[in-house]
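For reference, upload-v3.txt is printed below; it contains compact mmCIF, N, CA and C atoms.
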```txt
# COMPACT_ATOMS: atom_id res chain seq x y z
N MET A 1 101.90 -92.54 84.42
CA MET A 1 101.37 -91.25 84.03
C MET A 1 100.06 -91.48 83.26
N ASN A 2 99.06 -90.73 83.68
CA ASN A 2 97.79 -90.87 82.98
C ASN A 2 97.55 -89.64 82.11
N MET A 3 96.51 -89.70 81.30
CA MET A 3 96.23 -88.61 80.36
C MET A 3 95.87 -87.31 81.06
N SER A 4 95.32 -87.40 82.26
CA SER A 4 95.00 -86.20 83.02
C SER A 4 96.28 -85.40 83.32
N ASP A 5 97.37 -86.11 83.64
CA ASP A 5 98.65 -85.44 83.87
C ASP A 5 99.15 -84.75 82.61
N VAL A 6 98.97 -85.41 81.49
CA VAL A 6 99.41 -84.83 80.21
C VAL A 6 98.62 -83.55 79.91
N TYR A 7 97.31 -83.62 80.10
CA TYR A 7 96.48 -82.43 79.85
C TYR A 7 96.82 -81.30 80.81
N ASP A 8 97.06 -81.64 82.08
CA ASP A 8 97.46 -80.62 83.06
C ASP A 8 98.76 -79.94 82.64
N ALA A 9 99.72 -80.75 82.18
CA ALA A 9 101.01 -80.19 81.76
C ALA A 9 100.84 -79.31 80.52
N LEU A 10 100.03 -79.75 79.57
CA LEU A 10 99.78 -78.95 78.37
C LEU A 10 99.09 -77.63 78.72
N LEU A 11 98.10 -77.69 79.59
CA LEU A 11 97.40 -76.47 80.00
C LEU A 11 98.35 -75.53 80.74
N GLY A 12 99.14 -76.08 81.66
CA GLY A 12 100.10 -75.25 82.38
C GLY A 12 101.11 -74.59 81.45
N GLY A 13 101.62 -75.37 80.50
CA GLY A 13 102.56 -74.81 79.54
C GLY A 13 101.94 -73.73 78.67
N ALA A 14 100.69 -73.95 78.27
CA ALA A 14 100.00 -72.94 77.46
C ALA A 14 99.77 -71.65 78.25
N ILE A 15 99.43 -71.78 79.51
CA ILE A 15 99.23 -70.59 80.35
C ILE A 15 100.54 -69.84 80.55
N ILE A 16 101.62 -70.57 80.81
CA ILE A 16 102.93 -69.92 80.97
C ILE A 16 103.33 -69.23 79.67
N GLY A 17 103.17 -69.92 78.55
CA GLY A 17 103.51 -69.32 77.26
C GLY A 17 102.68 -68.08 76.96
N ALA A 18 101.39 -68.15 77.24
CA ALA A 18 100.52 -66.98 77.01
C ALA A 18 100.92 -65.82 77.91
N ALA A 19 101.20 -66.12 79.18
CA ALA A 19 101.57 -65.05 80.12
C ALA A 19 102.88 -64.38 79.72
N THR A 20 103.88 -65.17 79.32
CA THR A 20 105.15 -64.57 78.92
C THR A 20 104.99 -63.79 77.62
N GLY A 21 104.17 -64.30 76.71
CA GLY A 21 103.91 -63.58 75.46
C GLY A 21 103.19 -62.26 75.69
N ILE A 22 102.22 -62.26 76.58
CA ILE A 22 101.48 -61.03 76.90
C ILE A 22 102.41 -60.00 77.52
N LEU A 23 103.26 -60.44 78.46
CA LEU A 23 104.20 -59.50 79.10
C LEU A 23 105.16 -58.92 78.07
N LEU A 24 105.67 -59.75 77.19
CA LEU A 24 106.59 -59.27 76.16
C LEU A 24 105.87 -58.36 75.16
N TRP A 25 104.69 -58.74 74.73
CA TRP A 25 103.95 -57.97 73.73
C TRP A 25 103.54 -56.60 74.25
N PHE A 26 102.97 -56.56 75.45
CA PHE A 26 102.41 -55.31 75.95
C PHE A 26 103.41 -54.43 76.69
N ASP A 27 104.46 -55.05 77.28
CA ASP A 27 105.39 -54.24 78.08
C ASP A 27 106.84 -54.36 77.61
N GLY A 28 107.09 -55.25 76.65
CA GLY A 28 108.45 -55.41 76.15
C GLY A 28 109.40 -56.05 77.15
N GLN A 29 108.86 -56.71 78.18
CA GLN A 29 109.67 -57.31 79.24
C GLN A 29 109.72 -58.82 79.09
N VAL A 30 110.86 -59.41 79.44
CA VAL A 30 111.03 -60.85 79.44
C VAL A 30 110.69 -61.38 80.83
N ALA A 31 109.93 -62.45 80.90
CA ALA A 31 109.47 -63.00 82.18
C ALA A 31 110.46 -64.00 82.76
N GLY A 32 111.73 -63.65 82.80
CA GLY A 32 112.74 -64.49 83.44
C GLY A 32 112.82 -64.13 84.92
N ILE A 33 112.74 -65.12 85.77
CA ILE A 33 112.69 -64.89 87.21
C ILE A 33 113.95 -64.19 87.71
N HIS A 34 115.10 -64.55 87.19
CA HIS A 34 116.35 -63.93 87.60
C HIS A 34 116.30 -62.41 87.43
N GLY A 35 115.93 -61.97 86.26
CA GLY A 35 115.86 -60.54 86.00
C GLY A 35 114.75 -59.85 86.77
N ILE A 36 113.61 -60.52 86.91
CA ILE A 36 112.50 -59.93 87.64
C ILE A 36 112.87 -59.73 89.11
N ILE A 37 113.45 -60.74 89.73
CA ILE A 37 113.81 -60.62 91.15
C ILE A 37 114.93 -59.60 91.33
N ASN A 38 115.96 -59.65 90.49
CA ASN A 38 117.06 -58.67 90.62
C ASN A 38 116.55 -57.25 90.48
N ASN A 39 115.71 -57.01 89.50
CA ASN A 39 115.22 -55.65 89.28
C ASN A 39 114.16 -55.24 90.29
N ALA A 40 113.46 -56.19 90.89
CA ALA A 40 112.48 -55.86 91.92
C ALA A 40 113.16 -55.36 93.18
N MET A 41 114.41 -55.75 93.39
CA MET A 41 115.15 -55.33 94.58
C MET A 41 115.81 -53.96 94.41
N GLU A 42 115.80 -53.45 93.19
CA GLU A 42 116.38 -52.14 92.92
C GLU A 42 115.33 -51.05 93.11
N PRO A 43 115.47 -50.20 94.13
CA PRO A 43 114.42 -49.21 94.40
C PRO A 43 114.30 -48.14 93.31
N THR A 44 115.33 -47.95 92.49
CA THR A 44 115.29 -46.90 91.48
C THR A 44 114.85 -47.39 90.11
N ILE A 45 114.63 -48.68 89.98
CA ILE A 45 114.31 -49.23 88.67
C ILE A 45 112.85 -48.93 88.30
N ASP A 46 112.61 -48.61 87.05
CA ASP A 46 111.25 -48.42 86.56
C ASP A 46 110.53 -49.77 86.51
N GLY A 47 109.28 -49.80 86.85
CA GLY A 47 108.52 -51.04 86.78
C GLY A 47 108.72 -51.96 87.96
N ARG A 48 109.19 -51.43 89.08
CA ARG A 48 109.42 -52.25 90.26
C ARG A 48 108.10 -52.85 90.76
N GLY A 49 107.02 -52.09 90.66
CA GLY A 49 105.72 -52.54 91.17
C GLY A 49 105.22 -53.79 90.49
N TRP A 50 105.25 -53.84 89.16
CA TRP A 50 104.76 -55.04 88.48
C TRP A 50 105.64 -56.24 88.79
N ARG A 51 106.93 -56.00 89.00
CA ARG A 51 107.83 -57.11 89.33
C ARG A 51 107.48 -57.71 90.69
N LEU A 52 107.21 -56.85 91.67
CA LEU A 52 106.81 -57.34 92.99
C LEU A 52 105.48 -58.09 92.91
N LEU A 53 104.56 -57.57 92.11
CA LEU A 53 103.28 -58.27 91.92
C LEU A 53 103.47 -59.62 91.22
N PHE A 54 104.39 -59.68 90.28
CA PHE A 54 104.69 -60.93 89.57
C PHE A 54 105.19 -61.98 90.57
N ILE A 55 106.13 -61.57 91.44
CA ILE A 55 106.67 -62.49 92.44
C ILE A 55 105.56 -62.94 93.40
N PHE A 56 104.74 -62.00 93.84
CA PHE A 56 103.60 -62.33 94.70
C PHE A 56 102.68 -63.32 93.99
N GLY A 57 102.46 -63.11 92.70
CA GLY A 57 101.60 -63.99 91.92
C GLY A 57 102.10 -65.42 91.85
N LEU A 58 103.42 -65.59 91.87
CA LEU A 58 103.97 -66.95 91.86
C LEU A 58 103.53 -67.71 93.11
N PHE A 59 103.63 -67.03 94.26
CA PHE A 59 103.21 -67.67 95.52
C PHE A 59 101.69 -67.82 95.56
N ALA A 60 100.98 -66.78 95.14
CA ALA A 60 99.52 -66.82 95.17
C ALA A 60 98.98 -67.92 94.26
N GLY A 61 99.59 -68.09 93.09
CA GLY A 61 99.16 -69.15 92.18
C GLY A 61 99.31 -70.52 92.80
N GLY A 62 100.40 -70.75 93.51
CA GLY A 62 100.60 -72.02 94.20
C GLY A 62 99.57 -72.24 95.28
N LEU A 63 99.25 -71.18 96.02
CA LEU A 63 98.24 -71.29 97.07
C LEU A 63 96.85 -71.57 96.50
N VAL A 64 96.52 -70.92 95.40
CA VAL A 64 95.23 -71.16 94.75
C VAL A 64 95.16 -72.61 94.26
N TYR A 65 96.21 -73.08 93.64
CA TYR A 65 96.26 -74.45 93.14
C TYR A 65 96.08 -75.44 94.29
N PHE A 66 96.82 -75.23 95.37
CA PHE A 66 96.72 -76.11 96.53
C PHE A 66 95.33 -76.06 97.14
N SER A 67 94.76 -74.85 97.26
CA SER A 67 93.42 -74.68 97.83
C SER A 67 92.34 -75.36 96.99
N ALA A 68 92.57 -75.43 95.68
CA ALA A 68 91.61 -76.06 94.78
C ALA A 68 91.75 -77.58 94.77
N GLY A 69 92.63 -78.10 95.61
CA GLY A 69 92.79 -79.55 95.71
C GLY A 69 93.88 -80.11 94.84
N GLY A 70 94.77 -79.25 94.35
CA GLY A 70 95.87 -79.73 93.52
C GLY A 70 96.88 -80.53 94.31
N ASP A 71 97.57 -81.40 93.63
CA ASP A 71 98.60 -82.22 94.27
C ASP A 71 99.74 -81.34 94.77
N THR A 72 100.36 -81.78 95.83
CA THR A 72 101.53 -81.07 96.34
C THR A 72 102.78 -81.86 95.99
N PHE A 73 103.90 -81.20 96.05
CA PHE A 73 105.16 -81.88 95.80
C PHE A 73 105.59 -82.58 97.08
N GLU A 74 106.24 -83.69 96.91
CA GLU A 74 106.74 -84.43 98.06
C GLU A 74 107.91 -83.67 98.68
N LEU A 75 107.83 -83.43 99.97
CA LEU A 75 108.93 -82.78 100.68
C LEU A 75 109.95 -83.84 101.03
N ARG A 76 111.14 -83.68 100.50
CA ARG A 76 112.19 -84.66 100.75
C ARG A 76 113.17 -84.11 101.75
N THR A 77 113.48 -84.90 102.73
CA THR A 77 114.42 -84.46 103.76
C THR A 77 115.65 -85.36 103.82
N ASP A 78 115.78 -86.26 102.87
CA ASP A 78 116.91 -87.18 102.92
C ASP A 78 118.16 -86.66 102.19
N THR A 79 118.08 -85.50 101.59
CA THR A 79 119.24 -84.91 100.93
C THR A 79 120.01 -84.07 101.95
N ALA A 80 121.30 -84.27 102.00
CA ALA A 80 122.14 -83.57 103.00
C ALA A 80 122.15 -82.07 102.73
N TRP A 81 122.12 -81.30 103.81
CA TRP A 81 122.11 -79.83 103.71
C TRP A 81 123.32 -79.28 102.95
N PRO A 82 124.52 -79.83 103.13
CA PRO A 82 125.64 -79.29 102.35
C PRO A 82 125.42 -79.43 100.84
N ILE A 83 124.81 -80.53 100.42
CA ILE A 83 124.53 -80.72 98.99
C ILE A 83 123.52 -79.68 98.52
N LEU A 84 122.50 -79.43 99.33
CA LEU A 84 121.51 -78.41 98.97
C LEU A 84 122.14 -77.03 98.91
N ALA A 85 123.03 -76.71 99.86
CA ALA A 85 123.68 -75.39 99.88
C ALA A 85 124.58 -75.21 98.66
N VAL A 86 125.38 -76.21 98.35
CA VAL A 86 126.26 -76.13 97.18
C VAL A 86 125.43 -76.05 95.90
N SER A 87 124.35 -76.81 95.84
CA SER A 87 123.47 -76.79 94.67
C SER A 87 122.88 -75.40 94.46
N GLY A 88 122.38 -74.80 95.54
CA GLY A 88 121.81 -73.45 95.45
C GLY A 88 122.84 -72.43 95.00
N PHE A 89 124.05 -72.54 95.53
CA PHE A 89 125.12 -71.63 95.11
C PHE A 89 125.42 -71.79 93.63
N LEU A 90 125.52 -73.03 93.18
CA LEU A 90 125.84 -73.28 91.77
C LEU A 90 124.74 -72.79 90.85
N VAL A 91 123.49 -72.93 91.27
CA VAL A 91 122.39 -72.41 90.45
C VAL A 91 122.49 -70.90 90.34
N GLY A 92 122.72 -70.22 91.46
CA GLY A 92 122.87 -68.77 91.43
C GLY A 92 124.06 -68.33 90.59
N PHE A 93 125.18 -69.02 90.75
CA PHE A 93 126.39 -68.70 89.99
C PHE A 93 126.15 -68.91 88.49
N GLY A 94 125.53 -70.04 88.15
CA GLY A 94 125.26 -70.33 86.74
C GLY A 94 124.28 -69.34 86.12
N THR A 95 123.30 -68.92 86.92
CA THR A 95 122.33 -67.95 86.44
C THR A 95 123.02 -66.63 86.12
N ARG A 96 123.91 -66.20 87.00
CA ARG A 96 124.65 -64.96 86.78
C ARG A 96 125.59 -65.11 85.58
N MET A 97 126.30 -66.23 85.53
CA MET A 97 127.26 -66.45 84.45
C MET A 97 126.55 -66.57 83.09
N GLY A 98 125.38 -67.22 83.08
CA GLY A 98 124.65 -67.45 81.84
C GLY A 98 123.79 -66.27 81.41
N GLY A 99 123.78 -65.21 82.21
CA GLY A 99 122.99 -64.03 81.85
C GLY A 99 121.49 -64.28 81.91
N GLY A 100 121.06 -65.17 82.78
CA GLY A 100 119.64 -65.44 82.93
C GLY A 100 119.41 -66.85 83.42
N CYS A 101 118.16 -67.12 83.74
CA CYS A 101 117.79 -68.41 84.30
C CYS A 101 117.09 -69.27 83.26
N THR A 102 116.72 -70.46 83.69
CA THR A 102 116.06 -71.38 82.76
C THR A 102 114.73 -70.83 82.26
N SER A 103 114.01 -70.12 83.13
CA SER A 103 112.73 -69.58 82.67
C SER A 103 112.94 -68.46 81.65
N GLY A 104 113.94 -67.64 81.87
CA GLY A 104 114.20 -66.55 80.93
C GLY A 104 114.68 -67.07 79.59
N HIS A 105 115.65 -67.96 79.63
CA HIS A 105 116.20 -68.50 78.38
C HIS A 105 115.27 -69.54 77.76
N GLY A 106 114.81 -70.49 78.58
CA GLY A 106 114.04 -71.62 78.05
C GLY A 106 112.65 -71.26 77.59
N VAL A 107 111.94 -70.47 78.38
CA VAL A 107 110.56 -70.14 78.03
C VAL A 107 110.51 -68.92 77.12
N CYS A 108 111.18 -67.86 77.53
CA CYS A 108 111.07 -66.59 76.80
C CYS A 108 112.04 -66.51 75.62
N GLY A 109 113.29 -66.87 75.85
CA GLY A 109 114.31 -66.72 74.81
C GLY A 109 114.07 -67.62 73.61
N ILE A 110 113.72 -68.88 73.87
CA ILE A 110 113.46 -69.79 72.76
C ILE A 110 112.24 -69.31 71.98
N GLY A 111 111.22 -68.83 72.70
CA GLY A 111 110.02 -68.32 72.04
C GLY A 111 110.31 -67.13 71.14
N ARG A 112 111.35 -66.35 71.48
CA ARG A 112 111.74 -65.20 70.67
C ARG A 112 112.72 -65.59 69.57
N GLY A 113 113.15 -66.86 69.57
CA GLY A 113 114.09 -67.32 68.57
C GLY A 113 115.53 -66.91 68.84
N SER A 114 115.85 -66.62 70.10
CA SER A 114 117.19 -66.20 70.46
C SER A 114 118.16 -67.38 70.42
N VAL A 115 119.18 -67.28 69.56
CA VAL A 115 120.18 -68.34 69.44
C VAL A 115 120.90 -68.51 70.77
N ARG A 116 121.21 -67.41 71.43
CA ARG A 116 121.89 -67.46 72.73
C ARG A 116 121.05 -68.24 73.74
N SER A 117 119.76 -68.02 73.75
CA SER A 117 118.88 -68.72 74.69
C SER A 117 118.74 -70.20 74.33
N ILE A 118 118.68 -70.50 73.05
CA ILE A 118 118.59 -71.90 72.62
C ILE A 118 119.84 -72.64 73.07
N LEU A 119 121.01 -72.05 72.86
CA LEU A 119 122.26 -72.69 73.28
C LEU A 119 122.34 -72.80 74.80
N ALA A 120 121.92 -71.75 75.52
CA ALA A 120 121.94 -71.79 76.98
C ALA A 120 121.03 -72.89 77.50
N THR A 121 119.86 -73.02 76.93
CA THR A 121 118.91 -74.05 77.38
C THR A 121 119.46 -75.44 77.10
N MET A 122 120.10 -75.61 75.95
CA MET A 122 120.72 -76.90 75.66
C MET A 122 121.80 -77.21 76.70
N MET A 123 122.56 -76.21 77.09
CA MET A 123 123.61 -76.41 78.10
C MET A 123 123.01 -76.72 79.46
N PHE A 124 121.88 -76.08 79.81
CA PHE A 124 121.21 -76.39 81.08
C PHE A 124 120.83 -77.87 81.12
N ILE A 125 120.25 -78.34 80.04
CA ILE A 125 119.78 -79.72 80.00
C ILE A 125 120.96 -80.70 80.06
N VAL A 126 121.98 -80.46 79.25
CA VAL A 126 123.15 -81.34 79.23
C VAL A 126 123.85 -81.33 80.59
N SER A 127 124.00 -80.16 81.20
CA SER A 127 124.64 -80.06 82.51
C SER A 127 123.84 -80.81 83.57
N GLY A 128 122.52 -80.71 83.49
CA GLY A 128 121.68 -81.43 84.44
C GLY A 128 121.81 -82.94 84.29
N ILE A 129 121.83 -83.41 83.07
CA ILE A 129 121.98 -84.85 82.81
C ILE A 129 123.32 -85.34 83.34
N ILE A 130 124.38 -84.60 83.06
CA ILE A 130 125.71 -85.00 83.53
C ILE A 130 125.77 -84.98 85.05
N THR A 131 125.23 -83.94 85.67
CA THR A 131 125.27 -83.83 87.13
C THR A 131 124.54 -84.98 87.80
N VAL A 132 123.33 -85.27 87.35
CA VAL A 132 122.56 -86.36 87.96
C VAL A 132 123.26 -87.70 87.73
N THR A 133 123.80 -87.90 86.54
CA THR A 133 124.49 -89.15 86.25
C THR A 133 125.70 -89.33 87.16
N VAL A 134 126.51 -88.30 87.31
CA VAL A 134 127.70 -88.39 88.17
C VAL A 134 127.30 -88.59 89.63
N LEU A 135 126.33 -87.81 90.11
CA LEU A 135 125.94 -87.94 91.51
C LEU A 135 125.31 -89.29 91.82
N ARG A 136 124.39 -89.74 90.97
CA ARG A 136 123.70 -91.01 91.23
C ARG A 136 124.57 -92.23 90.99
N HIS A 137 125.20 -92.26 89.84
CA HIS A 137 125.91 -93.47 89.44
C HIS A 137 127.40 -93.43 89.77
N GLY A 138 127.97 -92.24 89.84
CA GLY A 138 129.40 -92.15 90.16
C GLY A 138 129.65 -92.06 91.64
N LEU A 139 128.85 -91.25 92.34
CA LEU A 139 129.08 -91.02 93.77
C LEU A 139 128.04 -91.71 94.66
N GLY A 140 126.99 -92.24 94.06
CA GLY A 140 125.97 -92.93 94.82
C GLY A 140 125.10 -92.02 95.69
N VAL A 141 125.01 -90.74 95.32
CA VAL A 141 124.20 -89.80 96.08
C VAL A 141 122.75 -89.98 95.72
N VAL A 142 121.88 -90.03 96.72
CA VAL A 142 120.44 -90.14 96.49
C VAL A 142 119.89 -88.76 96.26
N LEU A 143 119.25 -88.57 95.12
CA LEU A 143 118.66 -87.26 94.80
C LEU A 143 117.18 -87.29 94.98
```
Turn this file's structure into C-alpha cells for me.
Amino acid sequence: MNMSDVYDALLGGAIIGAATGILLWFDGQVAGIHGIINNAMEPTIDGRGWRLLFIFGLFAGGLVYFSAGGDTFELRTDTAWPILAVSGFLVGFGTRMGGGCTSGHGVCGIGRGSVRSILATMMFIVSGIITVTVLRHGLGVVL
C-alpha cells in the first residue's frame, strides 16, 4: 500500500461523511442504503424522488470514477454460486434483523453517537472476522 492509496481512502471517507452529514442536517434523513432502497420502492412514501436519485448517484459515481481512470475491482469467478447465494441471503436477513445495514449503522449511526449503531457495527465486524476465519481455516473455502 502506498501513500496515494491512503490519501484516496481519506478523501473518499471525508466525502462520504460530508454527504451523510449534509443529508441528515438538511433533510433529517439517514443515508443507510437499506432504508433508502426499501423506501424508494414504496410508491406512497414521501421523498421517493431523492431516494431514486441517490441510488442512481451510486452507479453514476462509479461510472465517473472508472471513466476518470480509476482502478476497478477484480472480478472473481472462483467462488461457488451456492456460497454467493447463501451469503446474499444472510446479508439481507441480517440487515432486516439488525434494523439497518453497515452504511446506516457504521457511517451514519456512529456519527450520531447512537449506542445501538455502535453495538451493531461492532457485531458486524466480529461476525465478519468469525465467518472468514471459519470458512478459510475451518472449511478451507477460498474467498
For this session: Mind giving me the straight-line distance from atom CA of A:Leu23 to atom CA of A:Phe124 in Å, one decimal?
Result: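 We find that atom CA of A:Leu23 and atom CA of A:Phe124 lie 24.1 Å from each other.
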Exercise. Which residues come within 12 Å of A:Thr95, counting only C-alpha atoms, excluding same-chain residues fewer than 3 positions away, as a ChimeraX atom specification?
Worked result: /A:32-35,38,88-92,98-105,120-121,123-124
Problem set entry | For A:Ile37: contacts at 8 Å, all atoms listed in the file, fewer than 6 positions along chain excluded, given as a list of chain:residue names |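 Within the cut-off, the hits are A:Arg51, A:Leu52, A:Ile55.
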